[in-house]
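Undergrad: Sharing a structure, written as structure tokens. Questions coming.
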Number of protein chains: 2
Amino acid sequence: MKIEVILTPAELPVLKQRDLRDATCVVFDVLRATSTFVTALRNGAKAIVPVSEISEALARRQKQPDVLLGGERNGVRIRATQSGGVDFDLGNSPREYAPEKVRGKTIVSTTTNGTRALRACAGAKTVLAAAFLNLTATAEFLRSLSPAPVVLVCAGTRENPALEDVLAAGALCEMLEVGSSRCDDRTAQRAVPTRFLDSAEIARRTYAQAKSDLAATVRTSENARRLLAIPELRDDVSFCLRQDAFPIVAKLEADGTIRCQAPQ
Amino acid sequence: MKIEVILTPAELPVLKQRDLRDATCVVFDVLRATSTFVTALRNGAKAIVPVSEISEALARRQKQPDVLLGGERNGVRIRATQSGGVDFDLGNSPREYAPEKVRGKTIVSTTTNGTRALRACAGAKTVLAAAFLNLTATAEFLRSLSPAPVVLVCAGTRENPALEDVLAAGALCEMLEVGSSRCDDRTAQRAVPTRFLDSAEIARRTYAQAKSDLAATVRTSENARRLLAIPELRDDVSFCLRQDAFPIVAKLEADGTIRCQAPQ
């Protein structure tokens, strides 16, 4: 299994041009888009529709009035003044996506970097959205596919890499390494040796160095510091670090929606 | 001192557009362009002229017949068949740039990623070329400038990050951290706190994880594996890892040449 990590969003235009027909891509936007998607699906949402712009979200609601609108600008829920008169139903805090709000619903979610990363993977055989919240479930799904190559895509922030995305990608690299304690005997027997490209070595070693105090490391990141400075959002940081809280796999379908993948 | 690392060459177009007038950029192309530049300067070369294309090197020689031509295609020295009849004087192995060959000479060197990275920094106040070979000298020079911001630029390979460049950038981050054992008391007193952006944290932690066996880590990198497979080039890998062998600073001047910086 050949594993590569897209460390920065600056690499996405090149990724989009590549032949990914045999590849499985896994998109990380840990603070907070993919953590929110995974939480919503775990709490019973039917599907997530990731879009870039507020206008795209509004257009989708026009066609499908029963969808919920989710997303943020500058950390907080989109208000009527920003969207031509429509208050969004949800922000981008995963803690808002409670079962009683999202069960059975389709949620249209505006996210800049998350959507850009997912769209750059459009030509891939399989595209997953992942976070610390569903890391082991995602690793097990990847091992069941034995895909080659695997491309872990860090959505980042604006044009820059985000430490927490690289840490999550690195943690997944560690899980996928043959011989890892996370890799059971049955899996190891059928596994081919893992080959890490340089980008994956960078992510894997960043995580290996940080994992003994992951929470403290993430708190030094630019996104975490921004969230920790906003009283109503600060608890999102620890929420998004609850590793393996939700044992689900979030898969981007051909229709552009993200849904829970049924167990293999 | 704010420190950022450009992890991949995909980020260079954005870097080129940025306002870098207050910035100091340090370019790493450890295997092997910047290691070769540093070696040549240490061995008495007057200047290095980095160019992208063979044709640029030939044009420079037409204007200035006494320059030496250096560079490689596919690891080996450029031959007459590749350059319209001109055998290059030197390849891209730092071990070729011995004092008796390079003393007093200007060397025009073709390097794809190294030149692209240096050109992306053209708007910066100061641009340095660095490698493991001159890491502490480079760190001391940066501390003497107390520049803000510092941008460490990993030249990478084609469009991809190169592990050895990120490791060298990470090692420099560690040296620049206030409180580092490498940072003497006199320096610490006048130092402002170091602020690492996420990209610098990624490089710093990758190095911290690898440093106890740096040589083994670098040998796993894509570039090192390529060089180790070519008998006449395999010793370049250990040569380029001789940390602080050459206590010089290599500075890109306004005329596009790289020269030894006189001590501050």
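To be explicit about the labels: the chains of the structure tokens are called A, B, and onward in the order shown, and within each one the residues are counted from 1, while ligands get numbers from 1 in the order they are shown.
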If you run DSSP on the backbone, which residues of range 110-239 of chain A are strand (DSSP E or B), as JSON, numbers by chain?

TA: {"A": [110, 126, 127, 128, 129, 130, 150, 151, 152, 153, 154, 157, 160, 195, 196]}

Undergrad: Those selected residues, please, written with N, CA, C and O atoms and delivered as a JSON list (two decimals), in the first residue's frame.

TA:
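Output file out31.json follows:
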```json
[["chain", "number", "residue", "atom", "x", "y", "z"],
["A", 110, "THR", "N", -21.53, 24.78, 4.34],
["A", 110, "THR", "CA", -20.52, 25.60, 3.64],
["A", 110, "THR", "C", -19.19, 25.49, 4.37],
["A", 110, "THR", "O", -19.10, 25.75, 5.56],
["A", 126, "THR", "N", -12.37, 6.13, -4.56],
["A", 126, "THR", "CA", -13.09, 6.25, -3.29],
["A", 126, "THR", "C", -12.60, 7.52, -2.59],
["A", 126, "THR", "O", -11.41, 7.81, -2.60],
["A", 127, "VAL", "N", -13.54, 8.27, -2.02],
["A", 127, "VAL", "CA", -13.18, 9.47, -1.26],
["A", 127, "VAL", "C", -13.86, 9.39, 0.11],
["A", 127, "VAL", "O", -15.08, 9.21, 0.19],
["A", 128, "LEU", "N", -13.07, 9.53, 1.16],
["A", 128, "LEU", "CA", -13.60, 9.51, 2.51],
["A", 128, "LEU", "C", -13.34, 10.85, 3.19],
["A", 128, "LEU", "O", -12.39, 11.56, 2.84],
["A", 129, "ALA", "N", -14.20, 11.19, 4.15],
["A", 129, "ALA", "CA", -13.95, 12.35, 5.02],
["A", 129, "ALA", "C", -13.63, 11.79, 6.39],
["A", 129, "ALA", "O", -14.35, 10.91, 6.88],
["A", 130, "ALA", "N", -12.54, 12.27, 7.00],
["A", 130, "ALA", "CA", -12.13, 11.66, 8.26],
["A", 130, "ALA", "C", -11.64, 12.72, 9.24],
["A", 130, "ALA", "O", -11.34, 13.86, 8.87],
["A", 150, "VAL", "N", -3.00, 5.25, -1.56],
["A", 150, "VAL", "CA", -3.84, 6.01, -0.63],
["A", 150, "VAL", "C", -3.28, 7.44, -0.56],
["A", 150, "VAL", "O", -2.08, 7.62, -0.40],
["A", 151, "VAL", "N", -4.15, 8.41, -0.72],
["A", 151, "VAL", "CA", -3.75, 9.82, -0.66],
["A", 151, "VAL", "C", -4.50, 10.47, 0.50],
["A", 151, "VAL", "O", -5.73, 10.58, 0.45],
["A", 152, "LEU", "N", -3.77, 10.86, 1.53],
["A", 152, "LEU", "CA", -4.39, 11.54, 2.67],
["A", 152, "LEU", "C", -4.28, 13.04, 2.43],
["A", 152, "LEU", "O", -3.16, 13.55, 2.21],
["A", 153, "VAL", "N", -5.40, 13.72, 2.43],
["A", 153, "VAL", "CA", -5.44, 15.11, 1.98],
["A", 153, "VAL", "C", -5.74, 16.03, 3.17],
["A", 153, "VAL", "O", -6.83, 15.97, 3.75],
["A", 154, "CYS", "N", -4.77, 16.87, 3.52],
["A", 154, "CYS", "CA", -4.95, 17.83, 4.62],
["A", 154, "CYS", "C", -5.55, 19.11, 4.03],
["A", 154, "CYS", "O", -4.91, 19.77, 3.21],
["A", 157, "THR", "N", -5.75, 25.58, 6.04],
["A", 157, "THR", "CA", -6.45, 26.83, 6.34],
["A", 157, "THR", "C", -6.02, 27.86, 5.30],
["A", 157, "THR", "O", -4.82, 28.13, 5.19],
["A", 160, "ASN", "N", -2.58, 27.65, 3.66],
["A", 160, "ASN", "CA", -1.51, 27.14, 4.53],
["A", 160, "ASN", "C", -1.82, 25.76, 5.12],
["A", 160, "ASN", "O", -2.99, 25.41, 5.30],
["A", 195, "ARG", "N", 4.26, 1.44, 1.91],
["A", 195, "ARG", "CA", 5.35, 2.28, 1.43],
["A", 195, "ARG", "C", 4.93, 3.74, 1.62],
["A", 195, "ARG", "O", 3.95, 4.18, 1.04],
["A", 196, "PHE", "N", 5.69, 4.44, 2.44],
["A", 196, "PHE", "CA", 5.38, 5.84, 2.71],
["A", 196, "PHE", "C", 6.19, 6.74, 1.79],
["A", 196, "PHE", "O", 7.43, 6.67, 1.80]]
```

Undergrad: At a cut-off of 8 Å, can you tabulate as JSON lines every residue of chain B near chain A together with its closest atom pair and the distance in Å to one decimal, using only C-alpha atoms and ordering rows by chain then number?

TA:
```
{"residue": "B:Leu7", "atom": "CA", "partner": "A:Leu7", "partner_atom": "CA", "distance": 7.8}
{"residue": "B:Thr8", "atom": "CA", "partner": "A:Thr8", "partner_atom": "CA", "distance": 7.8}
{"residue": "B:Ala10", "atom": "CA", "partner": "A:Glu11", "partner_atom": "CA", "distance": 5.3}
{"residue": "B:Glu11", "atom": "CA", "partner": "A:Ala10", "partner_atom": "CA", "distance": 5.3}
{"residue": "B:Asn160", "atom": "CA", "partner": "A:Ser199", "partner_atom": "CA", "distance": 7.6}
{"residue": "B:Pro161", "atom": "CA", "partner": "A:Ser199", "partner_atom": "CA", "distance": 6.0}
{"residue": "B:Ala162", "atom": "CA", "partner": "A:Asp198", "partner_atom": "CA", "distance": 5.9}
{"residue": "B:Leu163", "atom": "CA", "partner": "A:Asp198", "partner_atom": "CA", "distance": 5.1}
{"residue": "B:Val166", "atom": "CA", "partner": "A:Ile202", "partner_atom": "CA", "distance": 7.8}
{"residue": "B:Leu197", "atom": "CA", "partner": "A:Glu222", "partner_atom": "CA", "distance": 7.2}
{"residue": "B:Asp198", "atom": "CA", "partner": "A:Leu163", "partner_atom": "CA", "distance": 5.2}
{"residue": "B:Ser199", "atom": "CA", "partner": "A:Pro161", "partner_atom": "CA", "distance": 6.0}
{"residue": "B:Glu201", "atom": "CA", "partner": "A:Leu163", "partner_atom": "CA", "distance": 7.3}
{"residue": "B:Ile202", "atom": "CA", "partner": "A:Thr206", "partner_atom": "CA", "distance": 5.9}
{"residue": "B:Ala203", "atom": "CA", "partner": "A:Thr206", "partner_atom": "CA", "distance": 7.7}
{"residue": "B:Arg205", "atom": "CA", "partner": "A:Thr206", "partner_atom": "CA", "distance": 5.1}
{"residue": "B:Thr206", "atom": "CA", "partner": "A:Thr206", "partner_atom": "CA", "distance": 4.8}
{"residue": "B:Ala208", "atom": "CA", "partner": "A:Gln209", "partner_atom": "CA", "distance": 7.0}
{"residue": "B:Gln209", "atom": "CA", "partner": "A:Gln209", "partner_atom": "CA", "distance": 5.2}
{"residue": "B:Ala210", "atom": "CA", "partner": "A:Arg205", "partner_atom": "CA", "distance": 7.4}
{"residue": "B:Ser221", "atom": "CA", "partner": "A:Asp198", "partner_atom": "CA", "distance": 5.9}
{"residue": "B:Glu222", "atom": "CA", "partner": "A:Asp198", "partner_atom": "CA", "distance": 6.5}
```

Undergrad: Keeping only all heavy atoms, write those residues as a compact mmCIF listing (two decimals), in the first residue's frame.

TA:
```txt
# COMPACT_ATOMS: atom_id res chain seq x y z
N LEU B 7 6.67 23.98 2.88
CA LEU B 7 6.95 22.54 2.93
C LEU B 7 7.06 21.93 1.54
O LEU B 7 7.73 20.91 1.37
CB LEU B 7 5.84 21.82 3.70
CG LEU B 7 5.70 22.18 5.19
CD1 LEU B 7 4.37 21.67 5.73
CD2 LEU B 7 6.84 21.59 5.99
N THR B 8 6.38 22.52 0.57
CA THR B 8 6.32 21.88 -0.76
C THR B 8 6.50 22.93 -1.86
O THR B 8 6.10 24.09 -1.70
CB THR B 8 4.97 21.17 -1.01
OG1 THR B 8 4.05 22.10 -1.58
CG2 THR B 8 4.38 20.60 0.26
N ALA B 10 4.81 23.24 -4.38
CA ALA B 10 3.49 23.71 -4.84
C ALA B 10 3.15 25.06 -4.24
O ALA B 10 2.33 25.80 -4.78
CB ALA B 10 2.42 22.68 -4.48
N GLU B 11 3.79 25.41 -3.13
CA GLU B 11 3.50 26.69 -2.47
C GLU B 11 4.29 27.86 -3.06
O GLU B 11 4.07 29.01 -2.70
CB GLU B 11 3.80 26.59 -0.97
CG GLU B 11 2.94 25.58 -0.25
CD GLU B 11 3.44 25.32 1.16
OE1 GLU B 11 3.05 26.05 2.07
OE2 GLU B 11 4.22 24.37 1.35
N ASN B 160 6.76 17.74 -5.38
CA ASN B 160 6.53 17.07 -4.09
C ASN B 160 7.49 17.53 -3.00
O ASN B 160 8.61 17.94 -3.28
CB ASN B 160 6.67 15.56 -4.27
CG ASN B 160 5.73 15.05 -5.33
OD1 ASN B 160 4.59 15.51 -5.42
ND2 ASN B 160 6.20 14.12 -6.14
N PRO B 161 7.07 17.40 -1.74
CA PRO B 161 7.99 17.71 -0.64
C PRO B 161 9.11 16.68 -0.59
O PRO B 161 8.93 15.53 -0.97
CB PRO B 161 7.11 17.60 0.60
CG PRO B 161 5.93 16.79 0.20
CD PRO B 161 5.74 16.97 -1.26
N ALA B 162 10.28 17.11 -0.13
CA ALA B 162 11.42 16.21 0.06
C ALA B 162 11.71 16.14 1.55
O ALA B 162 11.93 17.18 2.20
CB ALA B 162 12.64 16.70 -0.71
N LEU B 163 11.71 14.94 2.09
CA LEU B 163 11.90 14.74 3.52
C LEU B 163 13.16 15.42 4.04
O LEU B 163 13.14 16.08 5.09
CB LEU B 163 11.94 13.23 3.82
CG LEU B 163 12.15 12.80 5.27
CD1 LEU B 163 11.06 13.33 6.19
CD2 LEU B 163 12.22 11.27 5.37
N VAL B 166 12.78 19.15 4.58
CA VAL B 166 11.94 19.46 5.75
C VAL B 166 12.72 19.18 7.04
O VAL B 166 12.62 19.94 8.02
CB VAL B 166 10.61 18.66 5.68
CG1 VAL B 166 9.80 18.83 6.95
CG2 VAL B 166 9.80 19.10 4.45
N LEU B 197 4.81 29.20 13.06
CA LEU B 197 3.54 28.90 12.40
C LEU B 197 3.39 27.38 12.29
O LEU B 197 4.34 26.63 12.49
CB LEU B 197 3.49 29.54 11.02
CG LEU B 197 3.55 31.08 10.98
CD1 LEU B 197 3.13 31.60 9.60
CD2 LEU B 197 2.65 31.71 12.05
N ASP B 198 2.17 26.92 11.97
CA ASP B 198 1.92 25.47 11.91
C ASP B 198 2.93 24.75 11.03
O ASP B 198 3.40 23.66 11.36
CB ASP B 198 0.51 25.20 11.37
CG ASP B 198 -0.58 25.39 12.42
OD1 ASP B 198 -0.29 25.99 13.48
OD2 ASP B 198 -1.71 24.95 12.18
N SER B 199 3.27 25.37 9.90
CA SER B 199 4.20 24.73 8.97
C SER B 199 5.56 24.51 9.63
O SER B 199 6.22 23.49 9.42
CB SER B 199 4.36 25.59 7.72
OG SER B 199 4.77 26.91 8.08
N GLU B 201 6.00 24.19 12.90
CA GLU B 201 5.81 23.14 13.91
C GLU B 201 5.93 21.76 13.26
O GLU B 201 6.47 20.83 13.85
CB GLU B 201 4.42 23.26 14.57
CG GLU B 201 4.35 24.29 15.66
CD GLU B 201 5.15 23.90 16.91
OE1 GLU B 201 5.45 22.71 17.10
OE2 GLU B 201 5.50 24.80 17.67
N ILE B 202 5.38 21.63 12.06
CA ILE B 202 5.45 20.34 11.35
C ILE B 202 6.92 19.99 11.08
O ILE B 202 7.37 18.87 11.37
CB ILE B 202 4.62 20.39 10.06
CG1 ILE B 202 3.13 20.51 10.39
CG2 ILE B 202 4.90 19.18 9.16
CD1 ILE B 202 2.25 20.97 9.24
N ALA B 203 7.69 20.94 10.57
CA ALA B 203 9.10 20.68 10.27
C ALA B 203 9.89 20.41 11.55
O ALA B 203 10.69 19.47 11.63
CB ALA B 203 9.69 21.86 9.51
N ARG B 205 8.91 19.31 14.46
CA ARG B 205 8.58 18.03 15.09
C ARG B 205 9.06 16.85 14.24
O ARG B 205 9.43 15.81 14.78
CB ARG B 205 7.08 17.95 15.36
CG ARG B 205 6.67 18.88 16.49
CD ARG B 205 5.17 18.96 16.67
NE ARG B 205 4.82 19.96 17.66
CZ ARG B 205 4.76 19.74 18.98
NH1 ARG B 205 5.01 18.54 19.46
NH2 ARG B 205 4.44 20.72 19.81
N THR B 206 9.04 17.00 12.92
CA THR B 206 9.58 15.93 12.07
C THR B 206 11.05 15.73 12.39
O THR B 206 11.53 14.60 12.55
CB THR B 206 9.40 16.28 10.59
OG1 THR B 206 8.00 16.49 10.32
CG2 THR B 206 9.90 15.18 9.67
N ALA B 208 12.63 16.68 15.20
CA ALA B 208 12.79 16.24 16.59
C ALA B 208 12.60 14.72 16.69
O ALA B 208 13.32 14.04 17.43
CB ALA B 208 11.80 16.96 17.51
N GLN B 209 11.66 14.21 15.90
CA GLN B 209 11.40 12.77 15.96
C GLN B 209 12.55 11.98 15.33
O GLN B 209 12.87 10.87 15.75
CB GLN B 209 10.08 12.48 15.23
CG GLN B 209 9.43 11.15 15.57
CD GLN B 209 10.04 10.00 14.79
OE1 GLN B 209 10.61 10.20 13.72
NE2 GLN B 209 9.92 8.81 15.34
N ALA B 210 13.19 12.59 14.31
CA ALA B 210 14.17 11.85 13.51
C ALA B 210 15.61 12.03 13.97
O ALA B 210 16.49 11.26 13.58
CB ALA B 210 14.05 12.30 12.05
N SER B 221 14.44 8.49 2.44
CA SER B 221 13.79 9.49 1.59
C SER B 221 13.91 9.10 0.12
O SER B 221 14.80 8.34 -0.28
CB SER B 221 14.41 10.87 1.82
OG SER B 221 15.70 10.92 1.22
N GLU B 222 13.00 9.63 -0.68
CA GLU B 222 12.98 9.27 -2.10
C GLU B 222 14.27 9.68 -2.81
O GLU B 222 14.84 8.91 -3.58
CB GLU B 222 11.75 9.89 -2.77
CG GLU B 222 10.47 9.28 -2.23
CD GLU B 222 9.23 10.11 -2.57
OE1 GLU B 222 8.98 10.35 -3.75
OE2 GLU B 222 8.52 10.52 -1.62
```

Undergrad: Env of Phe132 in chain A: 10 Å cut, atoms = only C-alpha atoms, seq-sep filter 6 positions within chain, self excluded. Answer as a PyMOL selection string.

TA: chain A and resi 28-30+34-35+38+138+164-165+167-169+171-172+239-246

Undergrad: Neighbouring residues of Phe88 in chain A were defined as those with any atom within 10 Å, considering only C-alpha atoms; residues of the same chain fewer than 2 positions away were excluded. Please report them as a PyMOL selection string.

TA: chain A and resi 54+57-58+68-72+77-80+82-83+85-86+90-91+108-109

Undergrad: Which distance in Å separates CA of Phe37 in chain B and CA of Ala98 in chain B, to one decimal?

TA: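 Separating CA of Phe37 in chain B from CA of Ala98 in chain B is a distance of 11.8 Å.
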
Undergrad: Please provide as a list in words all residues within 8 Å of Ile258 in chain A, with the sequence filter that same-chain residues fewer than 4 positions apart are discarded (counting only C-alpha atoms).

TA: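 Listing them by chain and then by number gives Ala47, Ile48, Val49, Pro50, Ala129, Ala250, Lys251, Leu252 and Glu253 of chain A.
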
Undergrad: Using all heavy atoms, can you export the residues from the last selection as a PDB file, in the first residue's frame?

TA:
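Done, and the output landed in part-v2.pdb:
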```
ATOM      1  N   ALA A  47     -27.363  12.655   5.179  1.00  0.00           N
ATOM      2  CA  ALA A  47     -26.288  13.002   4.241  1.00  0.00           C
ATOM      3  C   ALA A  47     -25.795  14.412   4.509  1.00  0.00           C
ATOM      4  O   ALA A  47     -26.518  15.247   5.070  1.00  0.00           O
ATOM      5  CB  ALA A  47     -26.780  12.911   2.804  1.00  0.00           C
ATOM      6  N   ILE A  48     -24.558  14.650   4.107  1.00  0.00           N
ATOM      7  CA  ILE A  48     -23.976  16.000   4.163  1.00  0.00           C
ATOM      8  C   ILE A  48     -23.691  16.420   2.720  1.00  0.00           C
ATOM      9  O   ILE A  48     -23.124  15.640   1.950  1.00  0.00           O
ATOM     10  CB  ILE A  48     -22.627  16.014   4.904  1.00  0.00           C
ATOM     11  CG1 ILE A  48     -22.684  15.267   6.236  1.00  0.00           C
ATOM     12  CG2 ILE A  48     -22.108  17.447   5.074  1.00  0.00           C
ATOM     13  CD1 ILE A  48     -23.440  15.936   7.317  1.00  0.00           C
ATOM     14  N   VAL A  49     -24.048  17.647   2.397  1.00  0.00           N
ATOM     15  CA  VAL A  49     -23.716  18.184   1.078  1.00  0.00           C
ATOM     16  C   VAL A  49     -22.706  19.311   1.290  1.00  0.00           C
ATOM     17  O   VAL A  49     -23.084  20.407   1.721  1.00  0.00           O
ATOM     18  CB  VAL A  49     -24.963  18.744   0.358  1.00  0.00           C
ATOM     19  CG1 VAL A  49     -24.603  19.184  -1.061  1.00  0.00           C
ATOM     20  CG2 VAL A  49     -26.090  17.728   0.344  1.00  0.00           C
ATOM     21  N   PRO A  50     -21.426  19.054   1.034  1.00  0.00           N
ATOM     22  CA  PRO A  50     -20.441  20.127   1.241  1.00  0.00           C
ATOM     23  C   PRO A  50     -20.446  21.096   0.063  1.00  0.00           C
ATOM     24  O   PRO A  50     -20.404  20.676  -1.094  1.00  0.00           O
ATOM     25  CB  PRO A  50     -19.106  19.370   1.312  1.00  0.00           C
ATOM     26  CG  PRO A  50     -19.332  18.095   0.581  1.00  0.00           C
ATOM     27  CD  PRO A  50     -20.800  17.790   0.595  1.00  0.00           C
ATOM     28  N   ALA A 129     -14.202  11.190   4.149  1.00  0.00           N
ATOM     29  CA  ALA A 129     -13.950  12.353   5.018  1.00  0.00           C
ATOM     30  C   ALA A 129     -13.625  11.788   6.389  1.00  0.00           C
ATOM     31  O   ALA A 129     -14.348  10.908   6.884  1.00  0.00           O
ATOM     32  CB  ALA A 129     -15.179  13.247   5.074  1.00  0.00           C
ATOM     33  N   ALA A 250     -17.159   7.823   6.708  1.00  0.00           N
ATOM     34  CA  ALA A 250     -17.918   8.845   5.976  1.00  0.00           C
ATOM     35  C   ALA A 250     -17.414   8.877   4.538  1.00  0.00           C
ATOM     36  O   ALA A 250     -16.246   9.182   4.302  1.00  0.00           O
ATOM     37  CB  ALA A 250     -17.733  10.206   6.641  1.00  0.00           C
ATOM     38  N   LYS A 251     -18.296   8.558   3.604  1.00  0.00           N
ATOM     39  CA  LYS A 251     -17.865   8.364   2.214  1.00  0.00           C
ATOM     40  C   LYS A 251     -18.579   9.357   1.302  1.00  0.00           C
ATOM     41  O   LYS A 251     -19.788   9.557   1.412  1.00  0.00           O
ATOM     42  CB  LYS A 251     -18.188   6.924   1.808  1.00  0.00           C
ATOM     43  CG  LYS A 251     -17.709   6.523   0.432  1.00  0.00           C
ATOM     44  CD  LYS A 251     -17.744   5.005   0.284  1.00  0.00           C
ATOM     45  CE  LYS A 251     -17.359   4.585  -1.123  1.00  0.00           C
ATOM     46  NZ  LYS A 251     -18.447   4.762  -2.099  1.00  0.00           N
ATOM     47  N   LEU A 252     -17.786   9.949   0.435  1.00  0.00           N
ATOM     48  CA  LEU A 252     -18.352  10.864  -0.569  1.00  0.00           C
ATOM     49  C   LEU A 252     -18.912  10.031  -1.712  1.00  0.00           C
ATOM     50  O   LEU A 252     -18.179   9.259  -2.348  1.00  0.00           O
ATOM     51  CB  LEU A 252     -17.250  11.799  -1.089  1.00  0.00           C
ATOM     52  CG  LEU A 252     -17.669  12.862  -2.111  1.00  0.00           C
ATOM     53  CD1 LEU A 252     -18.569  13.918  -1.483  1.00  0.00           C
ATOM     54  CD2 LEU A 252     -16.429  13.535  -2.723  1.00  0.00           C
ATOM     55  N   GLU A 253     -20.192  10.190  -1.979  1.00  0.00           N
ATOM     56  CA  GLU A 253     -20.840   9.416  -3.047  1.00  0.00           C
ATOM     57  C   GLU A 253     -20.753  10.174  -4.367  1.00  0.00           C
ATOM     58  O   GLU A 253     -20.413  11.372  -4.402  1.00  0.00           O
ATOM     59  CB  GLU A 253     -22.310   9.156  -2.683  1.00  0.00           C
ATOM     60  CG  GLU A 253     -22.516   8.457  -1.346  1.00  0.00           C
ATOM     61  CD  GLU A 253     -22.009   7.010  -1.350  1.00  0.00           C
ATOM     62  OE1 GLU A 253     -21.760   6.453  -2.441  1.00  0.00           O
ATOM     63  OE2 GLU A 253     -21.851   6.444  -0.250  1.00  0.00           O
TER      64      GLU A 253
END
```

Undergrad: Going by DSSP on the backbone, which bits of range 130-228 of chain B are helix (DSSP H, G or I)? Write them as a VMD selection string, please.

TA: chain B and resid 132 to 145 163 to 176 185 to 190 198 to 219 222 to 228

Undergrad: Separation of CA of Pro94 in chain B and CA of Ala224 in chain B, in Å?

TA: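 Taking CA of Pro94 in chain B and CA of Ala224 in chain B, their separation equals 14.3 Å.
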
Undergrad: Using only C-alpha atoms for the distances, tell me which of A:Cys260, A:Met175, A:Ala155, A:Leu41 is nearest to Arg116 in chain A.

TA: A:Ala155

Undergrad: Pick the closest to Asn134 in chain B from B:Lys16, B:Arg158, B:Arg103, B:Arg42: which is it, counting only C-alpha atoms?

TA: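 Smallest distance to Asn134 in chain B is found for B:Arg42.
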